[in-house]
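Below is one structure, written out as structure tokens, with a few remarks after it.
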Amino acid sequence: MSRKRILWLAIAAILAVVVAVQVTSDSESPSRNVAQADVPTVAPGVDVLAGVAEIPARIRGYDYRRDAFGEAWTDETTAPGGYNGCDTRNDILDRDLLDKAYVSIKRCPNAVGSGTLLDPYTSRLVPFTRGNRVGAAVQIDHIVPLALAWDLGARDWTEEMRIRFANDPANLLAVDGPTNQDKGDKEPAEWMPPNSAFHCQYAMQFIAVLRGYRLPVDAPSAAVLRDAAQSCPAG
């Protein structure tokens with residue numbers, strides 16, 4: 001088995017991908033429509049961006065405010081049945097980390113105290129230990145960054161919709177902290193994961209979130225995403 005295939009299988013075991021849905025302000029959140037990811041496949045001749053509107057370029061909005069997407073993580077559990085007492089960040093750590101040990105904090109009885117991340121962006125193993133610098137080694141990345149979503153149309157959403165987007169597990173990954181800082185709010189035309197073996201997975205998740213929230217894509221990023229999809233196995 002090739003190193004690339006082994007990496008894909010390891011990543012598939014810990015990541016969730018949004019099921020393509022069309023979202024309106026009163027529809028069920030795509031965070032309810034996730035499935036354990038297998039390696040994405042793309043049928044020959046299929047346009048992976050079908051149904052996603054394309055704009056010439058991203059126009060940065062200087063009116064972006066992080067608190068427009070909520071001031072903090074909410075308690076939108078990834079498990080069925082409603083709230084679980086743990087905020088979204090703790091849920092994603094629990095979903096994505098391996099070899100976990102748990103601690104009880106505040107209202108979250110099963111917060112990850114320590115574990116290991118197989119970082120999809122770099123393919124490195126990153127140790128995680130909860131502490132004063134809890135966000136330094138492992139961070140939770142918005143695959144479609146909040147500032148980018150704002151520029152693409154989220155500024156016109158309701159506050160409820162923006163908070164849903166910011167806490168949607170389908171748009172969240174636990175990743176290497178410094179690599180996440182390097183990504184910032186860049187679109188695919190400006191940043192793709194250093195681990196080229198993850199480009200297919202990243203592109204397909206990025207597209208699924210755009211489609212699910214009816215966000216457009218800038219033309220330079222559309223070209224990058226289509227190119228990345230060429231690395232997916234043929235379906």
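Residues in the structure tokens are named by chain (A, B, ... in the order shown) and by number from 1 within that chain; ligands are numbered from 1 in the order shown.
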Open item on the list: Taking only stretch 40-93 of chain A into account, list the residues labelled helix (DSSP H, G or I) by DSSP (computed from the backbone), as a ChimeraX atom specification.
Closed with: /A:66-69,88-93
Convert the current residue selection to file output with N, CA and C atoms, as an mmCIF file, in the first residue's frame.
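Saved file again.cif follows:
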```cif
data_model
loop_
_atom_site.group_PDB
_atom_site.id
_atom_site.type_symbol
_atom_site.label_atom_id
_atom_site.label_comp_id
_atom_site.auth_asym_id
_atom_site.auth_seq_id
_atom_site.Cartn_x
_atom_site.Cartn_y
_atom_site.Cartn_z
ATOM 1 N N ARG A 66 -15.212 39.831 13.407
ATOM 2 C CA ARG A 66 -15.265 38.442 13.870
ATOM 3 C C ARG A 66 -16.504 38.188 14.705
ATOM 4 N N ASP A 67 -16.913 39.189 15.518
ATOM 5 C CA ASP A 67 -18.058 38.953 16.385
ATOM 6 C C ASP A 67 -19.380 38.917 15.628
ATOM 7 N N ALA A 68 -19.352 39.211 14.325
ATOM 8 C CA ALA A 68 -20.565 39.049 13.526
ATOM 9 C C ALA A 68 -20.927 37.575 13.379
ATOM 10 N N PHE A 69 -19.957 36.693 13.641
ATOM 11 C CA PHE A 69 -20.163 35.250 13.592
ATOM 12 C C PHE A 69 -20.295 34.665 15.003
ATOM 13 N N THR A 88 -18.234 23.810 20.659
ATOM 14 C CA THR A 88 -17.862 23.224 19.369
ATOM 15 C C THR A 88 -16.379 22.899 19.298
ATOM 16 N N ARG A 89 -15.542 23.752 19.863
ATOM 17 C CA ARG A 89 -14.104 23.492 19.812
ATOM 18 C C ARG A 89 -13.768 22.164 20.482
ATOM 19 N N ASN A 90 -14.343 21.926 21.651
ATOM 20 C CA ASN A 90 -14.076 20.669 22.339
ATOM 21 C C ASN A 90 -14.642 19.480 21.573
ATOM 22 N N ASP A 91 -15.784 19.668 20.921
ATOM 23 C CA ASP A 91 -16.346 18.584 20.112
ATOM 24 C C ASP A 91 -15.421 18.219 18.954
ATOM 25 N N ILE A 92 -14.833 19.243 18.303
ATOM 26 C CA ILE A 92 -13.958 18.971 17.162
ATOM 27 C C ILE A 92 -12.656 18.315 17.616
ATOM 28 N N LEU A 93 -12.119 18.750 18.734
ATOM 29 C CA LEU A 93 -10.937 18.073 19.277
ATOM 30 C C LEU A 93 -11.241 16.603 19.544
#
```
Open item on the list: Taking 2 positions as the minimum chain separation for residues in the same chain, which residues sit within 6 Å of stretch 47-54 of chain A when counting only C-alpha atoms? Answer as a ChimeraX atom specification.
Closed with: /A:211,216-218
Give me a file of those residues, with C-alpha atoms, as an mmCIF file, in the first residue's frame.
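New file again-v1.cif:
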```cif
data_model
loop_
_atom_site.group_PDB
_atom_site.id
_atom_site.type_symbol
_atom_site.label_atom_id
_atom_site.label_comp_id
_atom_site.auth_asym_id
_atom_site.auth_seq_id
_atom_site.Cartn_x
_atom_site.Cartn_y
_atom_site.Cartn_z
ATOM 1 C CA ARG A 211 -22.389 24.758 -2.180
ATOM 2 C CA PRO A 216 -19.789 31.822 -4.739
ATOM 3 C CA VAL A 217 -16.146 31.239 -5.559
ATOM 4 C CA ASP A 218 -13.635 33.679 -7.031
#
```
Selection near stretch 106-118 of chain A, 7 Å with only C-alpha atoms, sequence-local residues under 3 positions removed, as a PDB file with N, CA and C atoms, in the first residue's frame:
```
ATOM      1  N   GLY A  85     -23.126  19.951  26.470  1.00  0.00           N
ATOM      2  CA  GLY A  85     -22.380  20.663  27.494  1.00  0.00           C
ATOM      3  C   GLY A  85     -21.009  21.105  27.058  1.00  0.00           C
ATOM      4  N   CYS A  86     -20.504  20.558  25.957  1.00  0.00           N
ATOM      5  CA  CYS A  86     -19.178  20.917  25.454  1.00  0.00           C
ATOM      6  C   CYS A  86     -19.332  21.841  24.245  1.00  0.00           C
ATOM      7  N   ASN A  90     -14.343  21.926  21.651  1.00  0.00           N
ATOM      8  CA  ASN A  90     -14.076  20.669  22.339  1.00  0.00           C
ATOM      9  C   ASN A  90     -14.642  19.480  21.573  1.00  0.00           C
ATOM     10  N   LEU A  93     -12.119  18.750  18.734  1.00  0.00           N
ATOM     11  CA  LEU A  93     -10.937  18.073  19.277  1.00  0.00           C
ATOM     12  C   LEU A  93     -11.241  16.603  19.544  1.00  0.00           C
ATOM     13  N   ASP A  94     -12.417  16.335  20.099  1.00  0.00           N
ATOM     14  CA  ASP A  94     -12.809  14.955  20.390  1.00  0.00           C
ATOM     15  C   ASP A  94     -12.978  14.165  19.099  1.00  0.00           C
ATOM     16  N   ASP A  96     -11.461  14.741  16.099  1.00  0.00           N
ATOM     17  CA  ASP A  96     -10.309  14.658  15.209  1.00  0.00           C
ATOM     18  C   ASP A  96      -9.038  14.109  15.850  1.00  0.00           C
ATOM     19  N   LEU A  97      -8.925  14.163  17.165  1.00  0.00           N
ATOM     20  CA  LEU A  97      -7.696  13.694  17.796  1.00  0.00           C
ATOM     21  C   LEU A  97      -7.727  12.183  18.040  1.00  0.00           C
ATOM     22  N   LEU A  98      -6.542  11.617  18.150  1.00  0.00           N
ATOM     23  CA  LEU A  98      -6.371  10.195  18.435  1.00  0.00           C
ATOM     24  C   LEU A  98      -5.743  10.032  19.817  1.00  0.00           C
ATOM     25  N   ASP A  99      -5.800   8.828  20.355  1.00  0.00           N
ATOM     26  CA  ASP A  99      -5.138   8.497  21.636  1.00  0.00           C
ATOM     27  C   ASP A  99      -5.490   9.505  22.724  1.00  0.00           C
ATOM     28  N   LYS A 100      -6.783   9.731  22.924  1.00  0.00           N
ATOM     29  CA  LYS A 100      -7.247  10.811  23.790  1.00  0.00           C
ATOM     30  C   LYS A 100      -7.376  10.388  25.247  1.00  0.00           C
ATOM     31  N   ALA A 101      -7.102  11.350  26.131  1.00  0.00           N
ATOM     32  CA  ALA A 101      -7.430  11.241  27.550  1.00  0.00           C
ATOM     33  C   ALA A 101      -8.321  12.428  27.884  1.00  0.00           C
ATOM     34  N   TYR A 102      -9.291  12.209  28.774  1.00  0.00           N
ATOM     35  CA  TYR A 102     -10.309  13.231  29.010  1.00  0.00           C
ATOM     36  C   TYR A 102     -10.194  13.842  30.396  1.00  0.00           C
ATOM     37  N   VAL A 103     -10.658  15.094  30.476  1.00  0.00           N
ATOM     38  CA  VAL A 103     -10.771  15.797  31.753  1.00  0.00           C
ATOM     39  C   VAL A 103     -12.142  16.465  31.777  1.00  0.00           C
ATOM     40  N   SER A 123       0.667  16.474   7.400  1.00  0.00           N
ATOM     41  CA  SER A 123       0.863  15.025   7.608  1.00  0.00           C
ATOM     42  C   SER A 123       1.722  14.739   8.839  1.00  0.00           C
ATOM     43  N   ARG A 124       1.964  15.749   9.685  1.00  0.00           N
ATOM     44  CA  ARG A 124       2.741  15.537  10.898  1.00  0.00           C
ATOM     45  C   ARG A 124       1.860  15.035  12.032  1.00  0.00           C
ATOM     46  N   LEU A 125       2.479  14.351  12.985  1.00  0.00           N
ATOM     47  CA  LEU A 125       1.821  14.018  14.238  1.00  0.00           C
ATOM     48  C   LEU A 125       2.084  15.152  15.222  1.00  0.00           C
ATOM     49  N   VAL A 126       1.022  15.741  15.721  1.00  0.00           N
ATOM     50  CA  VAL A 126       1.140  16.901  16.608  1.00  0.00           C
ATOM     51  C   VAL A 126       0.572  16.527  17.968  1.00  0.00           C
ATOM     52  N   PRO A 127       1.387  16.531  19.026  1.00  0.00           N
ATOM     53  CA  PRO A 127       0.867  16.226  20.364  1.00  0.00           C
ATOM     54  C   PRO A 127       0.047  17.387  20.899  1.00  0.00           C
ATOM     55  N   PHE A 128      -1.019  17.060  21.606  1.00  0.00           N
ATOM     56  CA  PHE A 128      -1.892  18.074  22.198  1.00  0.00           C
ATOM     57  C   PHE A 128      -1.992  17.838  23.694  1.00  0.00           C
ATOM     58  N   THR A 129      -1.789  18.891  24.479  1.00  0.00           N
ATOM     59  CA  THR A 129      -2.014  18.849  25.921  1.00  0.00           C
ATOM     60  C   THR A 129      -2.727  20.123  26.318  1.00  0.00           C
ATOM     61  N   ARG A 130      -3.843  19.976  27.005  1.00  0.00           N
ATOM     62  CA  ARG A 130      -4.601  21.150  27.439  1.00  0.00           C
ATOM     63  C   ARG A 130      -3.790  21.927  28.473  1.00  0.00           C
TER      64      ARG A 130
END
```
TODO: Could you give me, as a PyMOL selection string, the residues within 8 Å of A:Asp141, counting only C-alpha atoms and dropping anything in the same chain fewer than 3 positions from it?
DONE: chain A and resi 145+172-175+180
Take the residues just selected and output them with C-alpha atoms as a tab-separated table (two decimals), in the first residue's frame.
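So the final result, stored in selection-v8.tsv, reads:
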```tsv
chain	number	residue	atom	x	y	z
A	145	PRO	CA	-12.49	31.18	6.51
A	172	LEU	CA	-14.09	22.75	10.88
A	173	LEU	CA	-10.85	20.78	11.21
A	174	ALA	CA	-8.34	20.38	14.00
A	175	VAL	CA	-5.01	21.31	12.44
A	180	ASN	CA	-3.36	27.51	10.45
```
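Closest approach to A:Lys183 among A:Pro233, A:Val39, A:Ile143, A:Ala137: A:Ile143, based on only C-alpha atoms.
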Counting only C-alpha atoms, what is within 10 Å of A:Val224, bar same-chain residues fewer than 5 positions away, as a short mmCIF file (atom, residue, chain, number, x, y, z; two decimals) with N, CA and C atoms, in the first residue's frame?
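The new file around.cif reads:
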```cif
data_model
loop_
_atom_site.label_atom_id
_atom_site.label_comp_id
_atom_site.auth_asym_id
_atom_site.auth_seq_id
_atom_site.Cartn_x
_atom_site.Cartn_y
_atom_site.Cartn_z
N GLU A 187 -7.98 32.65 0.53
CA GLU A 187 -8.76 31.80 -0.36
C GLU A 187 -7.82 30.78 -1.04
N PRO A 188 -8.37 29.73 -1.68
CA PRO A 188 -7.51 28.70 -2.28
C PRO A 188 -6.52 29.23 -3.30
N ALA A 189 -6.84 30.31 -3.98
CA ALA A 189 -5.89 30.87 -4.94
C ALA A 189 -4.63 31.38 -4.24
N GLU A 190 -4.75 31.67 -2.94
CA GLU A 190 -3.63 32.21 -2.18
C GLU A 190 -2.99 31.18 -1.24
N TRP A 191 -3.74 30.12 -0.92
CA TRP A 191 -3.21 29.14 0.04
C TRP A 191 -3.88 27.79 -0.16
N MET A 192 -3.05 26.76 -0.22
CA MET A 192 -3.50 25.38 -0.17
C MET A 192 -2.62 24.65 0.83
N HIS A 199 -4.78 17.73 -0.95
CA HIS A 199 -5.42 18.73 -1.80
C HIS A 199 -6.79 18.29 -2.30
N ALA A 203 -10.03 20.41 -1.21
CA ALA A 203 -10.82 21.05 -2.26
C ALA A 203 -12.28 20.60 -2.22
N ALA A 219 -12.85 33.45 -9.30
CA ALA A 219 -12.35 32.72 -10.47
C ALA A 219 -10.95 32.15 -10.26
N ALA A 229 -8.97 18.94 -7.57
CA ALA A 229 -9.90 17.82 -7.73
C ALA A 229 -9.37 16.78 -8.73
#
```
